[in-house]
file my_file28.tsv (TSV, C-alpha atoms)
chain	number	residue	atom	x	y	z
M	1	MET	CA	104.08	100.81	84.70
M	2	HIS	CA	101.68	103.50	85.82
M	3	VAL	CA	99.59	103.41	88.99
M	4	LEU	CA	96.01	104.18	87.95
M	5	GLU	CA	94.26	103.69	91.31
M	6	SER	CA	95.66	104.16	94.79
M	7	VAL	CA	93.58	103.14	97.80
M	8	LEU	CA	93.17	104.10	101.44
M	9	TYR	CA	90.54	102.84	103.87
M	10	ALA	CA	88.21	104.74	106.19
M	11	GLU	CA	85.07	103.65	108.01
M	12	ASP	CA	83.61	107.17	108.22
M	13	LEU	CA	83.37	108.22	104.59
M	14	GLU	CA	81.52	111.46	105.36
M	15	ALA	CA	84.50	112.54	107.43
M	16	ALA	CA	86.83	111.38	104.65
M	17	ARG	CA	84.84	113.43	102.13
M	18	SER	CA	85.05	116.57	104.26
M	19	PHE	CA	88.78	116.07	104.52
M	20	TYR	CA	89.81	115.01	101.02
M	21	VAL	CA	87.30	117.08	99.05
M	22	GLY	CA	86.60	119.95	101.45
M	23	LEU	CA	90.08	120.51	102.83
M	24	LEU	CA	92.53	118.98	100.34
M	25	GLY	CA	90.39	120.02	97.39
M	26	LEU	CA	90.42	116.76	95.45
M	27	PRO	CA	87.60	116.66	92.87
M	28	GLU	CA	84.99	114.05	93.73
M	29	ILE	CA	84.16	111.50	91.03
M	30	MET	CA	81.65	109.35	92.91
M	31	PHE	CA	80.53	109.04	96.51
M	32	ASP	CA	78.58	106.31	98.27
M	33	PRO	CA	78.67	107.10	102.00
M	34	ASP	CA	78.29	103.43	102.80
M	35	ARG	CA	81.05	102.05	100.55
M	36	ASP	CA	83.43	104.32	98.65
M	37	LEU	CA	84.69	107.77	97.73
M	38	PHE	CA	86.42	108.21	94.36
M	39	LEU	CA	88.73	111.21	94.01
M	40	ARG	CA	90.44	112.57	90.93
M	41	CYS	CA	94.17	113.22	91.11
M	42	ASP	CA	96.54	114.27	88.33
M	43	GLY	CA	96.91	111.16	86.18
M	44	SER	CA	95.35	108.77	88.69
M	45	VAL	CA	92.41	108.16	90.99
M	46	LEU	CA	92.51	107.88	94.78
M	47	ILE	CA	89.78	105.70	96.26
M	48	ILE	CA	88.78	105.70	99.92
M	49	PHE	CA	86.99	102.44	100.65
M	50	LYS	CA	85.02	101.39	103.72
M	51	ALA	CA	86.92	98.19	104.41
M	52	SER	CA	84.11	96.59	106.42
M	53	LYS	CA	81.99	96.72	103.25
M	54	THR	CA	84.55	95.99	100.55
M	55	ILE	CA	86.12	93.02	102.34
M	56	VAL	CA	83.19	90.98	100.99
M	57	ALA	CA	83.21	90.53	97.23
M	58	ASP	CA	80.56	92.89	95.93
M	59	ALA	CA	79.34	94.21	92.61
M	60	GLY	CA	81.48	91.65	90.85
M	61	VAL	CA	84.69	93.07	92.33
M	62	PRO	CA	86.97	90.86	94.47
M	63	GLY	CA	86.85	91.54	98.19
M	64	HIS	CA	89.61	93.62	99.75
M	65	GLY	CA	89.94	95.86	102.79
M	66	ALA	CA	92.79	96.61	105.18
M	67	VAL	CA	92.57	97.69	108.81
M	68	GLY	CA	94.95	100.11	110.45
M	69	PRO	CA	96.77	103.22	109.30
M	70	GLY	CA	97.81	103.24	105.65
M	71	HIS	CA	100.14	105.69	103.98
M	72	LEU	CA	100.12	107.81	100.82
M	73	ALA	CA	102.16	110.79	99.62
M	74	PHE	CA	101.12	113.65	97.39
M	75	SER	CA	103.58	115.74	95.38
M	76	ALA	CA	103.99	119.36	96.41
M	77	SER	CA	106.60	122.04	95.86
M	78	CYS	CA	108.35	123.63	98.87
M	79	GLU	CA	106.05	126.66	98.51
M	80	GLU	CA	102.96	124.45	98.32
M	81	ILE	CA	104.09	122.55	101.40
M	82	GLU	CA	104.19	125.82	103.35
M	83	ASP	CA	100.72	126.70	102.07
M	84	TRP	CA	99.43	123.30	103.12
M	85	ARG	CA	101.03	123.59	106.54
M	86	ALA	CA	99.09	126.82	107.11
M	87	LYS	CA	95.83	125.38	105.77
M	88	LEU	CA	96.15	122.27	107.93
M	89	LEU	CA	96.99	124.27	111.05
M	90	ALA	CA	94.02	126.55	110.44
M	91	VAL	CA	91.67	123.57	110.86
M	92	ASN	CA	93.66	122.01	113.70
M	93	VAL	CA	95.26	119.23	111.67
M	94	PRO	CA	98.76	119.10	113.11
M	95	VAL	CA	101.87	118.38	111.09
M	96	ILE	CA	103.08	115.34	113.01
M	97	GLN	CA	106.50	115.10	111.39
M	98	GLU	CA	108.72	117.07	109.10
M	99	ILE	CA	111.77	115.74	107.27
M	100	ASP	CA	114.51	117.45	105.30
M	101	TRP	CA	115.90	114.56	103.28
M	102	LYS	CA	119.59	114.22	102.49
M	103	ASN	CA	118.95	114.65	98.77
M	104	GLY	CA	117.36	118.06	99.30
M	105	ALA	CA	113.74	116.87	99.26
M	106	LYS	CA	111.26	117.90	101.94
M	107	SER	CA	108.28	116.10	103.50
M	108	ILE	CA	105.57	116.93	106.01
M	109	TYR	CA	103.27	114.30	107.51
M	110	PHE	CA	99.76	114.53	108.92
M	111	HIS	CA	96.81	112.26	109.64
M	112	ASP	CA	93.52	112.00	107.80
M	113	PRO	CA	90.40	111.57	109.99
M	114	ALA	CA	90.73	107.76	109.79
M	115	GLY	CA	94.30	107.85	111.06
M	116	ASN	CA	96.01	107.23	107.73
M	117	VAL	CA	99.42	108.87	107.52
M	118	LEU	CA	99.47	111.36	104.64
M	119	GLU	CA	102.51	113.16	103.33
M	120	PHE	CA	103.28	116.10	101.11
M	121	ALA	CA	106.69	115.57	99.56
M	122	THR	CA	108.69	117.40	96.94
M	123	PRO	CA	108.90	115.14	93.87
M	124	ASN	CA	112.71	115.32	93.83
M	125	LEU	CA	112.51	112.90	96.78
M	126	TRP	CA	112.28	110.24	94.07
M	127	GLY	CA	114.13	112.01	91.30
M	128	PHE	CA	111.06	113.40	89.59
M	129	ALA	CA	111.09	116.89	88.14
M	130	LYS	CA	108.82	119.55	89.54
M	131	ALA	CA	106.30	119.23	86.74
M	132	GLU	CA	105.56	115.56	87.32
N	1	MET	CA	97.09	116.92	93.15
N	2	HIS	CA	99.46	114.18	92.14
N	3	VAL	CA	99.99	110.92	94.05
N	4	LEU	CA	103.76	110.54	94.51
N	5	GLU	CA	103.80	107.39	96.69
N	6	SER	CA	101.28	104.57	96.79
N	7	VAL	CA	101.61	101.89	99.45
N	8	LEU	CA	100.76	98.23	99.93
N	9	TYR	CA	101.75	95.99	102.83
N	10	ALA	CA	103.34	92.53	102.86
N	11	GLU	CA	105.06	90.62	105.63
N	12	ASP	CA	107.19	88.53	103.25
N	13	LEU	CA	109.15	91.12	101.32
N	14	GLU	CA	111.32	88.55	99.54
N	15	ALA	CA	108.15	87.09	98.04
N	16	ALA	CA	106.94	90.61	97.23
N	17	ARG	CA	110.23	91.35	95.50
N	18	SER	CA	110.03	88.20	93.37
N	19	PHE	CA	106.53	89.20	92.36
N	20	TYR	CA	106.77	92.94	91.77
N	21	VAL	CA	110.31	93.06	90.39
N	22	GLY	CA	110.71	89.57	88.95
N	23	LEU	CA	107.26	89.05	87.49
N	24	LEU	CA	105.71	92.51	87.04
N	25	GLY	CA	109.07	94.02	86.09
N	26	LEU	CA	108.96	97.13	88.27
N	27	PRO	CA	112.44	98.64	88.71
N	28	GLU	CA	113.69	98.34	92.28
N	29	ILE	CA	114.83	101.55	93.96
N	30	MET	CA	115.68	100.20	97.42
N	31	PHE	CA	115.14	96.95	99.26
N	32	ASP	CA	115.39	96.12	102.94
N	33	PRO	CA	114.02	92.59	103.37
N	34	ASP	CA	113.05	93.40	106.94
N	35	ARG	CA	111.18	96.66	106.32
N	36	ASP	CA	110.47	97.95	102.81
N	37	LEU	CA	110.66	97.57	99.04
N	38	PHE	CA	110.63	100.73	96.92
N	39	LEU	CA	109.54	100.34	93.30
N	40	ARG	CA	109.64	102.83	90.47
N	41	CYS	CA	106.48	103.39	88.47
N	42	ASP	CA	105.81	105.95	85.73
N	43	GLY	CA	105.53	109.25	87.59
N	44	SER	CA	105.25	107.73	91.05
N	45	VAL	CA	106.72	105.24	93.48
N	46	LEU	CA	105.04	102.13	94.87
N	47	ILE	CA	106.25	101.08	98.30
N	48	ILE	CA	105.64	97.68	99.85
N	49	PHE	CA	106.05	97.99	103.61
N	50	LYS	CA	106.26	95.29	106.26
N	51	ALA	CA	103.45	96.60	108.47
N	52	SER	CA	104.67	94.81	111.59
N	53	LYS	CA	107.85	96.90	111.36
N	54	THR	CA	106.51	100.24	110.10
N	55	ILE	CA	103.63	100.41	112.60
N	56	VAL	CA	106.18	101.67	115.10
N	57	ALA	CA	107.58	105.12	114.32
N	58	ASP	CA	111.05	104.50	112.96
N	59	ALA	CA	113.82	106.48	111.28
N	60	GLY	CA	111.95	109.65	112.08
N	61	VAL	CA	108.94	108.62	110.01
N	62	PRO	CA	105.49	108.35	111.65
N	63	GLY	CA	104.27	104.82	112.28
N	64	HIS	CA	101.77	103.29	109.85
N	65	GLY	CA	100.85	99.80	108.75
N	66	ALA	CA	97.59	98.17	107.68
N	67	VAL	CA	96.61	94.53	107.98
N	68	GLY	CA	94.47	92.70	105.44
N	69	PRO	CA	94.19	92.80	101.66
N	70	GLY	CA	94.76	96.21	100.10
N	71	HIS	CA	94.06	97.19	96.52
N	72	LEU	CA	95.91	98.98	93.73
N	73	ALA	CA	95.40	99.25	89.97
N	74	PHE	CA	97.99	99.65	87.24
N	75	SER	CA	97.19	101.11	83.83
N	76	ALA	CA	97.37	98.76	80.87
N	77	SER	CA	96.03	98.74	77.34
N	78	CYS	CA	93.72	95.94	76.19
N	79	GLU	CA	96.66	94.33	74.41
N	80	GLU	CA	98.86	94.63	77.49
N	81	ILE	CA	96.12	93.11	79.63
N	82	GLU	CA	96.10	90.04	77.38
N	83	ASP	CA	99.90	89.83	77.63
N	84	TRP	CA	99.70	90.07	81.41
N	85	ARG	CA	97.00	87.42	81.57
N	86	ALA	CA	99.32	85.02	79.75
N	87	LYS	CA	102.33	85.93	81.90
N	88	LEU	CA	100.36	85.51	85.12
N	89	LEU	CA	98.90	82.18	84.03
N	90	ALA	CA	102.34	80.92	83.07
N	91	VAL	CA	103.43	81.23	86.71
N	92	ASN	CA	100.14	79.99	88.15
N	93	VAL	CA	98.82	83.38	89.26
N	94	PRO	CA	95.13	83.12	88.41
N	95	VAL	CA	93.04	86.01	87.14
N	96	ILE	CA	90.39	86.00	89.87
N	97	GLN	CA	88.00	88.40	88.18
N	98	GLU	CA	87.49	90.12	84.88
N	99	ILE	CA	85.21	93.07	84.22
N	100	ASP	CA	84.07	94.74	81.02
N	101	TRP	CA	82.90	98.11	82.31
N	102	LYS	CA	79.90	99.90	80.87
N	103	ASN	CA	82.08	102.75	79.61
N	104	GLY	CA	84.17	100.38	77.49
N	105	ALA	CA	87.02	99.98	79.95
N	106	LYS	CA	88.39	96.57	80.89
N	107	SER	CA	89.89	95.22	84.13
N	108	ILE	CA	91.46	92.00	85.30
N	109	TYR	CA	92.17	91.24	88.96
N	110	PHE	CA	94.72	88.99	90.62
N	111	HIS	CA	96.43	88.58	94.00
N	112	ASP	CA	99.98	89.40	94.98
N	113	PRO	CA	101.72	86.88	97.29
N	114	ALA	CA	100.49	88.80	100.37
N	115	GLY	CA	96.86	88.62	99.24
N	116	ASN	CA	96.56	92.21	98.05
N	117	VAL	CA	94.10	92.57	95.18
N	118	LEU	CA	95.87	93.98	92.13
N	119	GLU	CA	94.23	95.12	88.94
N	120	PHE	CA	95.25	95.95	85.42
N	121	ALA	CA	92.74	98.42	84.01
N	122	THR	CA	92.53	100.40	80.81
N	123	PRO	CA	92.97	104.09	81.72
N	124	ASN	CA	89.71	105.06	80.00
N	125	LEU	CA	88.06	103.52	83.08
N	126	TRP	CA	88.65	106.95	84.63
N	127	GLY	CA	88.61	109.04	81.49
N	128	PHE	CA	92.36	109.09	81.01
N	129	ALA	CA	93.83	108.83	77.53
N	130	LYS	CA	95.97	105.86	76.59
N	131	ALA	CA	99.23	107.74	77.00
N	132	GLU	CA	98.68	108.63	80.65
call {"tool": "encode", "arguments": {"input": "my_file28.tsv", "output": "structure tokens"}}
result
Amino acid sequence: MHVLESVLYAEDLEAARSFYVGLLGLPEIMFDPDRDLFLRCDGSVLIIFKASKTIVADAGVPGHGAVGPGHLAFSASCEEIEDWRAKLLAVNVPVIQEIDWKNGAKSIYFHDPAGNVLEFATPNLWGFAKAE
Amino acid sequence: MHVLESVLYAEDLEAARSFYVGLLGLPEIMFDPDRDLFLRCDGSVLIIFKASKTIVADAGVPGHGAVGPGHLAFSASCEEIEDWRAKLLAVNVPVIQEIDWKNGAKSIYFHDPAGNVLEFATPNLWGFAKAE
């Protein structure tokens, strides 16, 4: 089974856009500052929804919307993690945690503007090869 | 950028396990009935966390945990969607919504036991080929 859409929530979608498109570099598919931001990832789509809007069924789609910090991890190589650490620091986004896992994998954690906990992790954390 | 870990939240992880492993057939990687359920997907991992436990930083991992219905979509072909519809109905999980998108894609929506809104969608919804 393949995950086609992952979701995080943010009330300030302009701030989310600056972060996910401007800083992380995810290509934008669609953007409605009052409801949703659709972002293209490799093989899937990440959607940032404004939970206060999507909690009510709208546009024929069932209502959903969670409050509080969610979590999502992106794949990155060790070298890419170091590049991201520098890019994040340069715009005052601190790495809040760093883990060297027992299986040799590595993770760094940081917050998005909405307080969601994001992670860059080497794909061998879950047994995936570098290319995946 | 590739999404390595997607996350949903559920307080009753035994019920989540019955649903995601028993019904949807996702291979279980790890299970702690009091904290988390790790599930293998194609190219990524789906984690169901008990938000009331993970909201406090634990095991060296930053605290996170959202309350309320989240959302996630799995890829499925039109034929697979019809198979899933039958399997869901057979265990009294209703399809709460069905959408034929303007671009030819198709989606069905249903709830997991925690109230998260799940979707099976054909990957052409986002321009992905069938194989992805």
call {"tool": "closest_residue", "arguments": {"input": "my_file28.tsv", "among": "M:Leu4, M:Leu46, M:Ala10, M:Ile55", "to": "chain N", "atoms": "all atoms listed in the file"}}
result
M:Leu4
call {"tool": "interface_residues", "arguments": {"input": "my_file28.tsv", "of": "chain M", "to": "chain N", "cutoff": "9 Å", "atoms": "only C-alpha atoms", "output": "ChimeraX atom specification"}}
result
/M:1-9,24-26,40-46,55,60-76,96-99,109-110,115-117,119-123,126,128,132
call {"tool": "residues_near_point", "arguments": {"input": "my_file28.tsv", "point": "(97.1, 124.2, 102.0)", "cutoff": "12 Å", "atoms": "all atoms listed in the file", "output": "PDB file with C-alpha atoms, in the frame of the given file"}}
result
ATOM      1  CA  PHE M  19      88.780 116.070 104.520  1.00  0.00           C
ATOM      2  CA  TYR M  20      89.810 115.010 101.020  1.00  0.00           C
ATOM      3  CA  GLY M  22      86.600 119.950 101.450  1.00  0.00           C
ATOM      4  CA  LEU M  23      90.080 120.510 102.830  1.00  0.00           C
ATOM      5  CA  LEU M  24      92.530 118.980 100.340  1.00  0.00           C
ATOM      6  CA  GLY M  25      90.390 120.020  97.390  1.00  0.00           C
ATOM      7  CA  LEU M  26      90.420 116.760  95.450  1.00  0.00           C
ATOM      8  CA  ALA M  76     103.990 119.360  96.410  1.00  0.00           C
ATOM      9  CA  SER M  77     106.600 122.040  95.860  1.00  0.00           C
ATOM     10  CA  CYS M  78     108.350 123.630  98.870  1.00  0.00           C
ATOM     11  CA  GLU M  79     106.050 126.660  98.510  1.00  0.00           C
ATOM     12  CA  GLU M  80     102.960 124.450  98.320  1.00  0.00           C
ATOM     13  CA  ILE M  81     104.090 122.550 101.400  1.00  0.00           C
ATOM     14  CA  GLU M  82     104.190 125.820 103.350  1.00  0.00           C
ATOM     15  CA  ASP M  83     100.720 126.700 102.070  1.00  0.00           C
ATOM     16  CA  TRP M  84      99.430 123.300 103.120  1.00  0.00           C
ATOM     17  CA  ARG M  85     101.030 123.590 106.540  1.00  0.00           C
ATOM     18  CA  ALA M  86      99.090 126.820 107.110  1.00  0.00           C
ATOM     19  CA  LYS M  87      95.830 125.380 105.770  1.00  0.00           C
ATOM     20  CA  LEU M  88      96.150 122.270 107.930  1.00  0.00           C
ATOM     21  CA  LEU M  89      96.990 124.270 111.050  1.00  0.00           C
ATOM     22  CA  ALA M  90      94.020 126.550 110.440  1.00  0.00           C
ATOM     23  CA  VAL M  91      91.670 123.570 110.860  1.00  0.00           C
ATOM     24  CA  VAL M  93      95.260 119.230 111.670  1.00  0.00           C
ATOM     25  CA  VAL M  95     101.870 118.380 111.090  1.00  0.00           C
ATOM     26  CA  ILE M 108     105.570 116.930 106.010  1.00  0.00           C
ATOM     27  CA  PHE M 120     103.280 116.100 101.110  1.00  0.00           C
TER      28      PHE M 120
ATOM     29  CA  MET N   1      97.090 116.920  93.150  1.00  0.00           C
TER      30      MET N   1
END
call {"tool": "atom_distance", "arguments": {"input": "my_file28.tsv", "atom1": "CA of Ala57 in chain M", "atom2": "CA of Leu13 in chain N"}}
result
26.3 Å
call {"tool": "atom_distance", "arguments": {"input": "my_file28.tsv", "atom1": "CA of Pro113 in chain M", "atom2": "CA of Phe38 in chain M"}}
result
16.5 Å
call {"tool": "residues_around", "arguments": {"input": "my_file28.tsv", "residues": "Asp34 in chain M", "least_positions_apart": "5", "cutoff": "12 Å", "atoms": "all atoms listed in the file", "output": "number ranges by chain"}}
result
M: 10-17, 48-54
call {"tool": "axis_aligned_box", "arguments": {"input": "my_file28.tsv", "around": "range 62-67 of chain M", "padding_each_side": "4 Å", "output": "JSON"}}
result
{"center_x": 89.8, "center_y": 94.3, "center_z": 101.6, "size_x": 13.9, "size_y": 14.8, "size_z": 22.3}
call {"tool": "atom_distance", "arguments": {"input": "my_file28.tsv", "atom1": "CA of Glu28 in chain M", "atom2": "CA of Asp112 in chain M"}}
result
16.6 Å
call {"tool": "build_atoms", "arguments": {"input": "my_file28.tsv", "residues": "range 32-55 of chain N", "atoms": "N, CA and C atoms", "output": "mmCIF file, keeping the file's coordinate frame"}}
result
data_model
loop_
_atom_site.group_PDB
_atom_site.id
_atom_site.type_symbol
_atom_site.label_atom_id
_atom_site.label_comp_id
_atom_site.auth_asym_id
_atom_site.auth_seq_id
_atom_site.Cartn_x
_atom_site.Cartn_y
_atom_site.Cartn_z
ATOM 1 N N ASP N 32 114.970 96.592 101.630
ATOM 2 C CA ASP N 32 115.390 96.120 102.940
ATOM 3 C C ASP N 32 114.440 94.966 103.283
ATOM 4 N N PRO N 33 114.923 93.730 103.220
ATOM 5 C CA PRO N 33 114.020 92.590 103.370
ATOM 6 C C PRO N 33 113.254 92.576 104.685
ATOM 7 N N ASP N 34 113.706 93.386 105.636
ATOM 8 C CA ASP N 34 113.050 93.400 106.940
ATOM 9 C C ASP N 34 112.113 94.597 107.130
ATOM 10 N N ARG N 35 112.023 95.462 106.105
ATOM 11 C CA ARG N 35 111.180 96.660 106.320
ATOM 12 C C ARG N 35 110.439 97.171 105.095
ATOM 13 N N ASP N 36 111.109 97.265 103.926
ATOM 14 C CA ASP N 36 110.470 97.950 102.810
ATOM 15 C C ASP N 36 111.075 97.589 101.455
ATOM 16 N N LEU N 37 110.261 97.764 100.436
ATOM 17 C CA LEU N 37 110.660 97.570 99.040
ATOM 18 C C LEU N 37 110.108 98.755 98.259
ATOM 19 N N PHE N 38 111.017 99.537 97.676
ATOM 20 C CA PHE N 38 110.630 100.730 96.920
ATOM 21 C C PHE N 38 110.721 100.419 95.431
ATOM 22 N N LEU N 39 109.649 100.699 94.706
ATOM 23 C CA LEU N 39 109.540 100.340 93.300
ATOM 24 C C LEU N 39 109.200 101.554 92.447
ATOM 25 N N ARG N 40 109.895 101.678 91.332
ATOM 26 C CA ARG N 40 109.640 102.830 90.470
ATOM 27 C C ARG N 40 108.517 102.547 89.485
ATOM 28 N N CYS N 41 107.543 103.444 89.467
ATOM 29 C CA CYS N 41 106.480 103.390 88.470
ATOM 30 C C CYS N 41 106.596 104.655 87.612
ATOM 31 N N ASP N 42 105.792 104.739 86.560
ATOM 32 C CA ASP N 42 105.810 105.950 85.730
ATOM 33 C C ASP N 42 105.206 107.101 86.523
ATOM 34 N N GLY N 43 106.021 108.054 86.911
ATOM 35 C CA GLY N 43 105.530 109.250 87.590
ATOM 36 C C GLY N 43 105.257 109.100 89.067
ATOM 37 N N SER N 44 105.487 107.921 89.618
ATOM 38 C CA SER N 44 105.250 107.730 91.050
ATOM 39 C C SER N 44 106.065 106.545 91.552
ATOM 40 N N VAL N 45 106.000 106.332 92.843
ATOM 41 C CA VAL N 45 106.720 105.240 93.480
ATOM 42 C C VAL N 45 105.716 104.376 94.226
ATOM 43 N N LEU N 46 105.854 103.072 94.095
ATOM 44 C CA LEU N 46 105.040 102.130 94.870
ATOM 45 C C LEU N 46 105.927 101.534 95.943
ATOM 46 N N ILE N 47 105.466 101.608 97.192
ATOM 47 C CA ILE N 47 106.250 101.080 98.300
ATOM 48 C C ILE N 47 105.500 99.923 98.946
ATOM 49 N N ILE N 48 106.207 98.812 99.114
ATOM 50 C CA ILE N 48 105.640 97.680 99.850
ATOM 51 C C ILE N 48 106.308 97.684 101.222
ATOM 52 N N PHE N 49 105.518 97.929 102.247
ATOM 53 C CA PHE N 49 106.050 97.990 103.610
ATOM 54 C C PHE N 49 105.664 96.732 104.383
ATOM 55 N N LYS N 50 106.559 96.356 105.303
ATOM 56 C CA LYS N 50 106.260 95.290 106.260
ATOM 57 C C LYS N 50 105.560 95.948 107.447
ATOM 58 N N ALA N 51 104.246 95.819 107.508
ATOM 59 C CA ALA N 51 103.450 96.600 108.470
ATOM 60 C C ALA N 51 103.883 96.348 109.908
ATOM 61 N N SER N 52 104.292 95.122 110.212
ATOM 62 C CA SER N 52 104.670 94.810 111.590
ATOM 63 C C SER N 52 105.913 95.595 112.015
ATOM 64 N N LYS N 53 106.690 96.068 111.058
ATOM 65 C CA LYS N 53 107.850 96.900 111.360
ATOM 66 C C LYS N 53 107.517 98.397 111.294
ATOM 67 N N THR N 54 106.739 98.804 110.296
ATOM 68 C CA THR N 54 106.510 100.240 110.100
ATOM 69 C C THR N 54 105.432 100.791 111.020
ATOM 70 N N ILE N 55 104.691 99.920 111.705
ATOM 71 C CA ILE N 55 103.630 100.410 112.600
ATOM 72 C C ILE N 55 104.225 101.187 113.767
#
